[in-house]
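Raw contents of work.pdb, PDB, C-alpha atoms:
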```
MODEL        1
ATOM      1  CA  MET A   1     169.550 205.224 252.230
ATOM      2  CA  ASN A   2     166.010 205.979 251.101
ATOM      3  CA  ILE A   3     163.998 209.089 251.949
ATOM      4  CA  TYR A   4     160.913 210.704 250.410
ATOM      5  CA  ILE A   5     160.998 214.176 248.873
ATOM      6  CA  ASN A   6     157.617 215.627 247.945
ATOM      7  CA  GLY A   7     156.217 212.104 247.919
ATOM      8  CA  GLN A   8     158.902 210.662 245.630
ATOM      9  CA  SER A   9     161.381 208.016 246.764
ATOM     10  CA  ARG A  10     165.033 209.107 246.582
ATOM     11  CA  ASP A  11     168.369 207.550 247.579
ATOM     12  CA  ILE A  12     170.816 209.790 249.445
ATOM     13  CA  ALA A  13     174.114 209.252 251.225
ATOM     14  CA  GLU A  14     174.223 208.266 254.878
ATOM     15  CA  ASN A  15     174.454 211.210 257.312
ATOM     16  CA  SER A  16     173.267 213.673 254.681
ATOM     17  CA  ARG A  17     171.900 216.945 255.997
ATOM     18  CA  VAL A  18     168.876 218.797 254.718
ATOM     19  CA  SER A  19     171.158 221.450 253.220
ATOM     20  CA  ASP A  20     172.942 218.705 251.235
ATOM     21  CA  VAL A  21     169.656 217.609 249.691
ATOM     22  CA  ILE A  22     168.706 221.208 248.928
ATOM     23  CA  ALA A  23     172.052 221.699 247.184
ATOM     24  CA  GLU A  24     171.643 218.467 245.212
ATOM     25  CA  LEU A  25     168.246 219.710 244.028
ATOM     26  CA  GLU A  26     169.864 223.025 242.995
ATOM     27  CA  LEU A  27     167.625 224.949 245.386
ATOM     28  CA  THR A  28     170.351 226.601 247.463
ATOM     29  CA  GLY A  29     169.593 230.289 247.848
ATOM     30  CA  LYS A  30     166.043 229.878 246.527
ATOM     31  CA  LYS A  31     163.019 231.041 248.514
ATOM     32  CA  ILE A  32     161.696 227.725 249.823
ATOM     33  CA  ALA A  33     160.102 226.275 252.950
ATOM     34  CA  VAL A  34     160.912 222.817 254.284
ATOM     35  CA  GLU A  35     158.837 220.397 256.317
ATOM     36  CA  LEU A  36     160.501 217.327 257.865
ATOM     37  CA  ASN A  37     158.183 214.505 258.892
ATOM     38  CA  GLU A  38     155.240 216.933 258.961
ATOM     39  CA  GLU A  39     157.062 219.455 261.168
ATOM     40  CA  ILE A  40     158.318 222.816 259.884
ATOM     41  CA  LEU A  41     162.122 222.876 259.766
ATOM     42  CA  PRO A  42     163.402 226.453 260.231
ATOM     43  CA  PHE A  43     165.913 227.715 257.691
ATOM     44  CA  GLN A  44     168.599 228.017 260.379
ATOM     45  CA  GLN A  45     168.472 224.225 260.968
ATOM     46  CA  HIS A  46     168.910 223.136 257.334
ATOM     47  CA  ALA A  47     172.700 222.867 257.685
ATOM     48  CA  THR A  48     172.628 220.891 260.950
ATOM     49  CA  GLN A  49     169.624 218.590 260.577
ATOM     50  CA  VAL A  50     170.813 215.056 259.745
ATOM     51  CA  LEU A  51     168.414 212.921 257.734
ATOM     52  CA  HIS A  52     167.526 209.314 258.543
ATOM     53  CA  ALA A  53     166.139 206.463 256.476
ATOM     54  CA  GLU A  54     162.474 206.857 255.488
ATOM     55  CA  ASP A  55     162.375 210.526 256.504
ATOM     56  CA  LYS A  56     159.799 212.568 254.600
ATOM     57  CA  LEU A  57     160.717 215.998 253.273
ATOM     58  CA  GLU A  58     158.251 218.449 251.758
ATOM     59  CA  ILE A  59     159.852 221.377 249.922
ATOM     60  CA  VAL A  60     157.544 224.124 248.709
ATOM     61  CA  HIS A  61     157.783 227.457 246.951
ATOM     62  CA  ALA A  62     155.331 230.166 245.953
ATOM     63  CA  ILE A  63     153.582 230.205 242.570
ATOM     64  CA  GLY A  64     151.302 232.698 240.892
ATOM     65  CA  GLY A  65     147.610 232.473 241.733
ATOM     66  CA  GLY A  66     145.421 230.351 239.471
ATOM     67  CA  GLN A  67     148.153 227.911 238.405
ATOM     68  CA  ASP A  68     146.992 225.152 240.728
ATOM     69  CA  ASP A  69     144.900 222.876 238.516
ATOM     70  CA  SER A  70     143.521 220.222 240.824
ATOM     71  CA  PHE A  71     140.282 218.308 241.269
ATOM     72  CA  VAL A  72     138.423 217.139 244.365
ATOM     73  CA  LEU A  73     137.306 213.585 244.961
ATOM     74  CA  ALA A  74     135.373 212.658 248.109
ATOM     75  CA  GLY A  75     136.626 215.800 249.791
ATOM     76  CA  VAL A  76     140.304 215.226 248.949
ATOM     77  CA  THR A  77     142.233 217.407 246.505
ATOM     78  CA  TYR A  78     144.376 215.654 243.890
ATOM     79  CA  HIS A  79     146.898 217.230 241.546
ATOM     80  CA  SER A  80     147.555 214.210 239.324
ATOM     81  CA  ARG A  81     144.719 213.416 236.916
ATOM     82  CA  LEU A  82     146.216 210.055 235.980
ATOM     83  CA  LEU A  83     145.000 207.067 237.996
ATOM     84  CA  VAL A  84     146.721 203.726 237.502
ATOM     85  CA  GLY A  85     146.183 200.058 238.223
ATOM     86  CA  THR A  86     148.608 197.449 239.509
ATOM     87  CA  GLY A  87     147.901 194.337 237.432
ATOM     88  CA  LYS A  88     149.830 192.649 234.606
ATOM     89  CA  TYR A  89     153.331 193.879 235.503
ATOM     90  CA  LYS A  90     156.153 191.329 235.435
ATOM     91  CA  ASP A  91     157.060 191.901 239.084
ATOM     92  CA  LEU A  92     156.555 194.268 242.011
ATOM     93  CA  GLU A  93     159.663 196.296 241.195
ATOM     94  CA  GLU A  94     158.376 197.100 237.716
ATOM     95  CA  THR A  95     155.034 197.974 239.315
ATOM     96  CA  ARG A  96     156.730 200.406 241.687
ATOM     97  CA  LEU A  97     158.836 202.088 239.019
ATOM     98  CA  ALA A  98     155.960 202.473 236.570
ATOM     99  CA  ILE A  99     153.664 203.984 239.183
ATOM    100  CA  GLU A 100     156.375 206.428 240.234
ATOM    101  CA  ALA A 101     156.949 207.419 236.592
ATOM    102  CA  SER A 102     153.218 207.997 236.107
ATOM    103  CA  GLY A 103     153.066 210.567 238.889
ATOM    104  CA  ALA A 104     149.729 209.052 239.962
ATOM    105  CA  GLN A 105     148.350 209.739 243.416
ATOM    106  CA  ILE A 106     145.468 207.240 243.228
ATOM    107  CA  VAL A 107     146.303 203.575 242.619
ATOM    108  CA  THR A 108     143.724 200.808 242.198
ATOM    109  CA  VAL A 109     144.144 197.348 243.693
ATOM    110  CA  ALA A 110     142.088 194.196 243.308
ATOM    111  CA  ILE A 111     140.971 192.376 246.448
ATOM    112  CA  ARG A 112     141.795 188.671 246.343
ATOM    113  CA  ARG A 113     142.065 185.802 248.807
ATOM    114  CA  THR A 114     145.362 185.564 250.615
ATOM    115  CA  ASN A 115     147.609 182.742 249.483
ATOM    116  CA  ILE A 116     147.816 180.727 252.709
ATOM    117  CA  GLY A 117     150.944 178.990 251.460
ATOM    118  CA  GLN A 118     152.768 182.251 250.721
ATOM    119  CA  ASN A 119     156.359 182.243 251.932
ATOM    120  CA  ALA A 120     157.079 184.254 255.058
ATOM    121  CA  GLY A 121     158.680 187.549 254.150
ATOM    122  CA  GLU A 122     157.405 187.487 250.550
ATOM    123  CA  PRO A 123     156.645 191.103 249.570
ATOM    124  CA  ASN A 124     153.079 192.328 249.528
ATOM    125  CA  LEU A 125     151.717 194.822 247.010
ATOM    126  CA  LEU A 126     150.998 197.318 249.779
ATOM    127  CA  ASP A 127     154.686 197.190 250.734
ATOM    128  CA  VAL A 128     155.447 198.594 247.285
ATOM    129  CA  ILE A 129     152.624 201.138 247.042
ATOM    130  CA  SER A 130     152.372 202.390 250.591
ATOM    131  CA  PRO A 131     149.041 203.878 251.740
ATOM    132  CA  ASP A 132     151.199 206.594 253.329
ATOM    133  CA  LYS A 133     152.203 207.736 249.841
ATOM    134  CA  TYR A 134     149.217 206.872 247.647
ATOM    135  CA  THR A 135     145.443 206.796 247.906
ATOM    136  CA  ILE A 136     144.733 203.097 247.557
ATOM    137  CA  LEU A 137     141.531 202.439 245.623
ATOM    138  CA  PRO A 138     140.110 198.930 246.157
ATOM    139  CA  ASN A 139     138.168 197.780 243.115
ATOM    140  CA  THR A 140     135.655 195.051 242.451
ATOM    141  CA  ALA A 141     137.365 193.680 239.339
ATOM    142  CA  GLY A 142     136.084 190.208 238.547
ATOM    143  CA  CYS A 143     132.702 190.689 240.234
ATOM    144  CA  TYR A 144     129.590 189.699 238.270
ATOM    145  CA  THR A 145     126.853 190.114 240.894
ATOM    146  CA  VAL A 146     125.708 192.730 243.367
ATOM    147  CA  ASP A 147     126.581 190.472 246.302
ATOM    148  CA  GLU A 148     130.132 189.830 245.066
ATOM    149  CA  ALA A 149     130.773 193.528 244.543
ATOM    150  CA  VAL A 150     129.369 194.640 247.903
ATOM    151  CA  ARG A 151     131.254 191.945 249.837
ATOM    152  CA  THR A 152     134.487 192.871 248.056
ATOM    153  CA  CYS A 153     134.091 196.564 248.930
ATOM    154  CA  ARG A 154     133.445 195.740 252.568
ATOM    155  CA  LEU A 155     136.528 193.529 252.707
ATOM    156  CA  GLY A 156     138.560 196.279 251.049
ATOM    157  CA  ARG A 157     137.415 198.776 253.660
ATOM    158  CA  GLU A 158     138.438 196.393 256.420
ATOM    159  CA  LEU A 159     141.801 195.720 254.752
ATOM    160  CA  LEU A 160     142.609 199.431 254.591
ATOM    161  CA  GLY A 161     141.402 200.311 258.057
ATOM    162  CA  GLY A 162     138.085 202.002 257.357
ATOM    163  CA  HIS A 163     138.933 203.511 253.977
ATOM    164  CA  ASN A 164     135.622 204.372 252.238
ATOM    165  CA  LEU A 165     136.781 205.235 248.704
ATOM    166  CA  VAL A 166     136.165 202.311 246.329
ATOM    167  CA  LYS A 167     135.876 201.670 242.614
ATOM    168  CA  LEU A 168     132.752 199.723 241.749
ATOM    169  CA  GLU A 169     132.433 197.575 238.676
ATOM    170  CA  VAL A 170     129.862 194.822 238.150
ATOM    171  CA  LEU A 171     130.630 192.975 234.942
ATOM    172  CA  ALA A 172     128.136 191.387 232.562
ATOM    173  CA  ASP A 173     130.226 188.665 230.883
ATOM    174  CA  GLN A 174     133.809 187.469 230.534
ATOM    175  CA  GLN A 175     134.125 188.085 226.793
ATOM    176  CA  THR A 176     133.347 191.801 226.648
ATOM    177  CA  LEU A 177     133.813 192.792 230.315
ATOM    178  CA  PHE A 178     131.117 195.372 229.704
ATOM    179  CA  PRO A 179     129.330 196.578 232.833
ATOM    180  CA  ASN A 180     126.034 195.102 233.896
ATOM    181  CA  VAL A 181     124.402 198.476 234.383
ATOM    182  CA  ALA A 182     121.259 197.199 236.126
ATOM    183  CA  GLU A 183     123.337 195.341 238.717
ATOM    184  CA  THR A 184     125.663 198.337 239.015
ATOM    185  CA  TYR A 185     122.708 200.566 239.997
ATOM    186  CA  LEU A 186     121.730 198.152 242.765
ATOM    187  CA  ALA A 187     125.264 197.733 244.103
ATOM    188  CA  ALA A 188     125.862 201.489 244.042
ATOM    189  CA  GLU A 189     122.688 202.142 246.053
ATOM    190  CA  ILE A 190     123.732 199.632 248.723
ATOM    191  CA  LEU A 191     127.282 200.944 248.977
ATOM    192  CA  VAL A 192     126.285 204.615 249.125
ATOM    193  CA  LYS A 193     123.836 203.837 251.933
ATOM    194  CA  ASP A 194     126.635 201.930 253.682
ATOM    195  CA  GLY A 195     128.816 205.046 253.760
ATOM    196  CA  PHE A 196     131.130 204.267 250.842
ATOM    197  CA  ASP A 197     132.492 206.921 248.480
ATOM    198  CA  VAL A 198     131.798 205.139 245.203
ATOM    199  CA  MET A 199     133.669 205.693 241.952
ATOM    200  CA  VAL A 200     131.708 203.696 239.417
ATOM    201  CA  TYR A 201     132.593 202.050 236.093
ATOM    202  CA  THR A 202     129.810 202.178 233.506
ATOM    203  CA  ASN A 203     129.002 202.317 229.798
ATOM    204  CA  ASP A 204     129.571 205.520 227.840
ATOM    205  CA  ASP A 205     125.846 206.153 228.177
ATOM    206  CA  PRO A 206     124.840 209.663 229.333
ATOM    207  CA  ILE A 207     121.586 208.392 230.852
ATOM    208  CA  ALA A 208     123.312 205.689 232.902
ATOM    209  CA  ALA A 209     126.025 208.120 233.975
ATOM    210  CA  LYS A 210     123.475 210.653 235.236
ATOM    211  CA  ARG A 211     121.542 207.963 237.089
ATOM    212  CA  LEU A 212     124.684 206.848 238.925
ATOM    213  CA  GLU A 213     125.447 210.441 239.865
ATOM    214  CA  GLU A 214     121.904 210.797 241.247
ATOM    215  CA  ILE A 215     122.362 207.624 243.318
ATOM    216  CA  GLY A 216     125.233 209.400 245.068
ATOM    217  CA  CYS A 217     128.430 208.149 243.409
ATOM    218  CA  VAL A 218     131.328 210.571 243.944
ATOM    219  CA  ALA A 219     132.708 209.973 240.438
ATOM    220  CA  VAL A 220     131.411 208.329 237.268
ATOM    221  CA  MET A 221     133.849 206.399 235.066
ATOM    222  CA  PRO A 222     132.542 205.668 231.560
ATOM    223  CA  LEU A 223     134.555 203.270 229.445
ATOM    224  CA  ALA A 224     136.440 204.483 226.399
ATOM    225  CA  ALA A 225     136.419 200.968 224.905
ATOM    226  CA  PRO A 226     136.371 197.418 226.318
ATOM    227  CA  ILE A 227     138.724 196.786 229.255
ATOM    228  CA  GLY A 228     142.241 195.964 228.080
ATOM    229  CA  SER A 229     141.423 196.514 224.398
ATOM    230  CA  GLY A 230     143.593 199.585 223.780
ATOM    231  CA  LEU A 231     141.120 200.790 221.146
ATOM    232  CA  GLY A 232     140.965 204.345 222.485
ATOM    233  CA  ILE A 233     137.854 206.505 222.829
ATOM    234  CA  ARG A 234     135.236 205.039 220.521
ATOM    235  CA  ASN A 235     132.386 207.455 221.292
ATOM    236  CA  PRO A 236     133.870 210.877 222.097
ATOM    237  CA  TYR A 237     130.557 212.685 221.737
ATOM    238  CA  ASN A 238     128.963 210.403 224.328
ATOM    239  CA  ILE A 239     131.816 211.204 226.728
ATOM    240  CA  LEU A 240     131.416 214.908 225.975
ATOM    241  CA  THR A 241     127.685 214.756 226.728
ATOM    242  CA  ILE A 242     128.365 212.975 230.019
ATOM    243  CA  VAL A 243     130.921 215.627 231.014
ATOM    244  CA  GLU A 244     128.665 218.525 230.053
ATOM    245  CA  ASN A 245     125.794 217.243 232.201
ATOM    246  CA  ALA A 246     127.747 216.061 235.237
ATOM    247  CA  LYS A 247     128.108 217.637 238.658
ATOM    248  CA  VAL A 248     130.689 215.078 239.802
ATOM    249  CA  PRO A 249     134.113 214.265 238.314
ATOM    250  CA  ILE A 250     134.009 212.179 235.133
ATOM    251  CA  LEU A 251     137.037 209.941 234.601
ATOM    252  CA  VAL A 252     137.516 207.768 231.541
ATOM    253  CA  ASP A 253     138.133 204.167 232.557
ATOM    254  CA  ALA A 254     139.177 201.278 230.293
ATOM    255  CA  GLY A 255     140.217 201.048 226.657
ATOM    256  CA  VAL A 256     142.988 203.652 226.528
ATOM    257  CA  GLY A 257     145.940 202.430 224.468
ATOM    258  CA  THR A 258     148.451 205.236 224.197
ATOM    259  CA  ALA A 259     149.180 208.804 225.270
ATOM    260  CA  SER A 260     147.117 210.395 222.504
ATOM    261  CA  ASP A 261     144.026 208.544 223.789
ATOM    262  CA  ALA A 262     144.607 209.994 227.245
ATOM    263  CA  ALA A 263     145.039 213.474 225.751
ATOM    264  CA  ILE A 264     141.738 213.175 223.882
ATOM    265  CA  ALA A 265     139.918 212.247 227.089
ATOM    266  CA  MET A 266     141.327 215.306 228.801
ATOM    267  CA  GLU A 267     140.524 217.570 225.835
ATOM    268  CA  LEU A 268     136.898 216.486 226.206
ATOM    269  CA  GLY A 269     136.914 217.923 229.725
ATOM    270  CA  CYS A 270     137.277 214.750 231.770
ATOM    271  CA  ALA A 271     138.654 215.159 235.279
ATOM    272  CA  GLY A 272     141.062 212.279 234.764
ATOM    273  CA  VAL A 273     141.797 208.882 233.245
ATOM    274  CA  LEU A 274     142.295 205.500 234.880
ATOM    275  CA  MET A 275     144.419 202.927 233.065
ATOM    276  CA  ASN A 276     146.393 199.749 233.654
ATOM    277  CA  THR A 277     146.899 197.548 230.581
ATOM    278  CA  ALA A 278     148.079 200.412 228.358
ATOM    279  CA  ILE A 279     151.052 200.903 230.668
ATOM    280  CA  ALA A 280     151.674 197.384 231.963
ATOM    281  CA  GLU A 281     151.598 195.699 228.536
ATOM    282  CA  ALA A 282     153.729 198.308 226.745
ATOM    283  CA  LYS A 283     157.171 197.110 225.648
ATOM    284  CA  ASN A 284     158.638 199.599 228.122
ATOM    285  CA  PRO A 285     156.028 200.124 230.858
ATOM    286  CA  ILE A 286     158.054 202.714 232.749
ATOM    287  CA  LEU A 287     158.559 204.868 229.669
ATOM    288  CA  MET A 288     154.886 204.484 228.734
ATOM    289  CA  ALA A 289     153.872 205.574 232.235
ATOM    290  CA  SER A 290     155.893 208.737 231.719
ATOM    291  CA  ALA A 291     154.290 209.261 228.295
ATOM    292  CA  MET A 292     150.815 208.863 229.765
ATOM    293  CA  ARG A 293     151.601 211.441 232.421
ATOM    294  CA  LYS A 294     152.612 213.933 229.738
ATOM    295  CA  GLY A 295     149.605 213.067 227.567
ATOM    296  CA  ILE A 296     147.268 213.796 230.471
ATOM    297  CA  GLU A 297     148.994 217.105 231.160
ATOM    298  CA  ALA A 298     148.996 218.155 227.480
ATOM    299  CA  GLY A 299     145.333 217.264 227.016
ATOM    300  CA  ARG A 300     144.323 219.161 230.133
ATOM    301  CA  GLU A 301     146.237 222.261 229.053
ATOM    302  CA  ALA A 302     144.642 222.097 225.597
ATOM    303  CA  TYR A 303     141.188 221.873 227.187
ATOM    304  CA  LEU A 304     141.882 224.883 229.394
ATOM    305  CA  ALA A 305     143.336 226.827 226.455
ATOM    306  CA  GLY A 306     140.256 226.279 224.280
ATOM    307  CA  ARG A 307     140.907 224.844 220.840
ATOM    308  CA  MET A 308     140.373 226.787 217.621
ATOM    309  CA  PRO A 309     137.057 226.155 215.822
ATOM    310  CA  ARG A 310     137.019 223.547 213.092
ATOM    311  CA  LYS A 311     136.600 224.967 209.593
ATOM    312  CA  ARG A 312     135.697 223.368 206.316
ATOM    313  CA  PHE A 313     138.128 225.382 204.189
ATOM    314  CA  ALA A 314     141.637 226.774 204.569
ATOM    315  CA  SER A 315     142.401 229.972 206.408
ATOM    316  CA  ALA A 316     145.783 231.595 205.745
ATOM    317  CA  SER A 317     148.024 232.055 208.787
ATOM    318  CA  SER A 318     149.853 235.024 207.280
ATOM    319  CA  PRO A 319     147.996 238.260 206.363
ATOM    320  CA  ILE A 320     147.490 238.950 202.675
ATOM    321  CA  ASP A 321     147.705 242.755 203.097
ATOM    322  CA  GLY A 322     151.022 244.140 201.881
ATOM    323  CA  LEU A 323     151.853 241.409 199.361
ATOM    324  CA  PHE A 324     154.446 242.724 196.871
ATOM    325  CA  PHE A 325     153.267 240.737 193.857
TER     326      PHE A 325
ENDMDL
END
```

Would you give me this structure, written as C-alpha cells?
Amino acid sequence: MNIYINGQSRDIAENSRVSDVIAELELTGKKIAVELNEEILPFQQHATQVLHAEDKLEIVHAIGGGQDDSFVLAGVTYHSRLLVGTGKYKDLEETRLAIEASGAQIVTVAIRRTNIGQNAGEPNLLDVISPDKYTILPNTAGCYTVDEAVRTCRLGRELLGGHNLVKLEVLADQQTLFPNVAETYLAAEILVKDGFDVMVYTNDDPIAAKRLEEIGCVAVMPLAAPIGSGLGIRNPYNILTIVENAKVPILVDAGVGTASDAAIAMELGCAGVLMNTAIAEAKNPILMASAMRKGIEAGREAYLAGRMPRKRFASASSPIDGLFF
C-alpha cells in the first residue's frame, strides 16, 4: 500500500507499523520525532501504531543551526530551489516520477479548457501532482494579451480554491516566445491589485525586472534563453545585475538545457530555477530530473562558499619554499 514519508510516496506492506518503517529507513535507535497525519505520535506508540493507505508520516531530527538554506515566496518557506513544469512528458506516470526525482515543491500547470468528451475515470493531472503535496502554480502559458492572461489567472484561482500564487507570462509572438514586456506590466498591475501573488516571466533586462518588482510582483523570473531552446544562460551579467538590485526572489525561467546551466544560475545568486523542457525532452527524463536537482544544490553551495577570484596568470597550488633542487 502507499503512504507518504516526508512528502515522498512510498510503498509498504499491509499492516506495517510505524516501527517497521523506522527500521526499514535504518532509523531505529536514532533521536527522531514522528508525526502521523499532522498529529505527534509518541515514541511509546511506534511499535503498536498500524499504518493505513495514504497515511502521512513526518520524521524529523535535529541539525546544527544555520544549515537550513531556504527561501520565502509569498510568505511560504521552500527548501527546494528547483521548480518544474508538467508539459511534454509521454504520460502522467512519467510526469509523476520525474517530479518526484526532481525534489521540487512548486510545480507549474497550464490552464486549459476541459475536454468535454473525456472518458469518465480518465486521470487528471492534479490526481498525479496533488495540491496536498505540492504548491501548484497556475501559469498563463500561451497568452498573448493582458485580457487572456488575467482571465487565465482568475480561472486558475477558482480551480485551486482561492489559491493566489500564479506565474504570469504574456508572450509577444509564437516564433521567439519572448515576453511582451509592455503588456506584462499592465497585466501585473491588474493582478497585484486583484490580490494575486505574481511570479512574472520577463526578459533578462535589469530595468524591466526592477519595474516589475516595484509593481508588486513577489518574484521576478528573467529568461536564460528562449523558452524550450536549451541554450543555457546567454547573458549572465544581466542576470547578475538583476539579482544584485532585487529585493524579491529572482528565479531563472526558460532556456536551461542541462544541469550545468542550472548550477550557473545558482552561482549567480538566483533564488531558484524553473524548467520543463530540459527534463521532459531528455532521453531519460527521470534521471535528468535527478541531475537537475543536484546541479541546483551544487550551484547554491558554490555561491554560498564564494568562488576564488579569477586570475590572468597561473598561481602554484604547492608552496615553493623548501624545494630541494

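Proximity to Thr135 of chain A was assessed for A:Gln175, A:Thr77, A:Tyr89, A:Ala182 counting all atoms listed in the file; the smallest distance is recorded for A:Thr77.
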
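With all atoms listed in the file as the atoms that count, the minimum distance from Met288 of chain A to the choices A:Met1, A:Ala208, A:Ile99, A:Val200 is reached by A:Ile99.
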
Quiz prompt | Test item: the PyMOL selection byres ((chain A and resi 265-281) around 6) resolved as a PyMOL selection string | solution = chain A and resi 81-85+88-89+228+240+249-253+257+262-264+282+285+288-289+299-300+303

Exercise. Please write as a PyMOL selection string the full residue list that the PyMOL selection byres ((chain A and resi 160-170) around 8) yields on this file.
Key: chain A and resi 74+108+137-146+149+153+156-159+171-172+179-181+183-184+188+195-202

Practice problem: Could you tell me how far atom CA of Thr241 of chain A lies from atom CA of Cys217 of chain A, in Å and to one decimal? | Solution: 18.0 Å

Exercise. Determine, counting only C-alpha atoms, which protein, DNA and RNA residues have an atom within 10 Å of an atom of Leu27 of chain A; residues of the same chain fewer than 6 positions away are not included. Present the result as a PyMOL selection string.
Key: chain A and resi 19+21+59

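Atom CA of Asp173 of chain A to atom CA of Ala219 of chain A spans 23.5 Å [interatomic distance, one decimal].
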
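Checking A:Val18, A:Ile106, A:Ala187, A:Val220 one by one against His79 of chain A, counting all atoms listed in the file, you find the shortest gap at A:Ile106.
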
Exercise. Please provide the set of residues having any atom within 10 Å of segment 32-39 of chain A, restricted to all atoms listed in the file, with same-chain residues fewer than 6 positions apart removed, written as a ChimeraX atom specification.
Key: /A:4-6,18,22,46,49,51,54-62

Writing out the chosen residues with C-alpha atoms as a compact mmCIF listing (two decimals), in the coordinates of the input:
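The resulting out-v8.txt:
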```txt
# COMPACT_ATOMS: atom_id res chain seq x y z
CA TYR A 4 160.91 210.70 250.41
CA ILE A 5 161.00 214.18 248.87
CA ASN A 6 157.62 215.63 247.94
CA VAL A 18 168.88 218.80 254.72
CA ILE A 22 168.71 221.21 248.93
CA HIS A 46 168.91 223.14 257.33
CA GLN A 49 169.62 218.59 260.58
CA LEU A 51 168.41 212.92 257.73
CA GLU A 54 162.47 206.86 255.49
CA ASP A 55 162.38 210.53 256.50
CA LYS A 56 159.80 212.57 254.60
CA LEU A 57 160.72 216.00 253.27
CA GLU A 58 158.25 218.45 251.76
CA ILE A 59 159.85 221.38 249.92
CA VAL A 60 157.54 224.12 248.71
CA HIS A 61 157.78 227.46 246.95
CA ALA A 62 155.33 230.17 245.95
```

Practice problem: Can you give me, as a PyMOL selection string, the residues this file yields under the PyMOL selection byres ((chain A and resi 224) around 7)? | Solution: chain A and resi 222-223+225+232-234+252-256

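Interatomic distance, atom CA of Leu73 of chain A to atom CA of Ile242 of chain A: 17.4 Å.
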
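Residues in contact range of Glu93 of chain A, defined as at most 8 Å between all atoms listed in the file, with sequence neighbours fewer than 3 positions away removed, read A:Arg96, A:Leu97, A:Val128.
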
Filled-in N, CA, C and O atoms of segment 248-259 of chain A, supplied as a compact mmCIF listing (two decimals), keeping the file's coordinate frame:
```
# COMPACT_ATOMS: atom_id res chain seq x y z
N VAL A 248 129.62 215.80 239.12
CA VAL A 248 130.69 215.08 239.80
C VAL A 248 131.81 214.84 238.80
O VAL A 248 131.59 214.94 237.58
N PRO A 249 133.02 214.53 239.26
CA PRO A 249 134.11 214.26 238.31
C PRO A 249 133.79 213.09 237.39
O PRO A 249 133.28 212.06 237.83
N ILE A 250 134.13 213.25 236.13
CA ILE A 250 134.01 212.18 235.13
C ILE A 250 135.42 211.76 234.74
O ILE A 250 136.22 212.57 234.30
N LEU A 251 135.71 210.47 234.92
CA LEU A 251 137.04 209.94 234.60
C LEU A 251 136.89 208.78 233.62
O LEU A 251 136.14 207.83 233.89
N VAL A 252 137.56 208.87 232.50
CA VAL A 252 137.52 207.77 231.54
C VAL A 252 138.22 206.56 232.13
O VAL A 252 139.30 206.66 232.72
N ASP A 253 137.60 205.40 231.98
CA ASP A 253 138.13 204.17 232.56
C ASP A 253 138.02 203.05 231.52
O ASP A 253 136.92 202.76 231.05
N ALA A 254 139.13 202.46 231.16
CA ALA A 254 139.18 201.28 230.29
C ALA A 254 139.25 201.64 228.81
O ALA A 254 138.53 202.52 228.33
N GLY A 255 140.14 200.94 228.10
CA GLY A 255 140.22 201.05 226.66
C GLY A 255 141.28 201.97 226.12
O GLY A 255 141.54 201.99 224.92
N VAL A 256 141.92 202.77 226.99
CA VAL A 256 142.99 203.65 226.53
C VAL A 256 144.18 202.81 226.09
O VAL A 256 144.53 201.81 226.73
N GLY A 257 144.82 203.21 224.97
CA GLY A 257 145.94 202.43 224.47
C GLY A 257 147.27 203.16 224.47
O GLY A 257 148.32 202.55 224.63
N THR A 258 147.21 204.48 224.27
CA THR A 258 148.45 205.24 224.20
C THR A 258 148.20 206.67 224.67
O THR A 258 147.07 207.03 225.01
N ALA A 259 149.27 207.47 224.68
CA ALA A 259 149.18 208.80 225.27
C ALA A 259 148.19 209.71 224.55
O ALA A 259 147.54 210.55 225.17
```
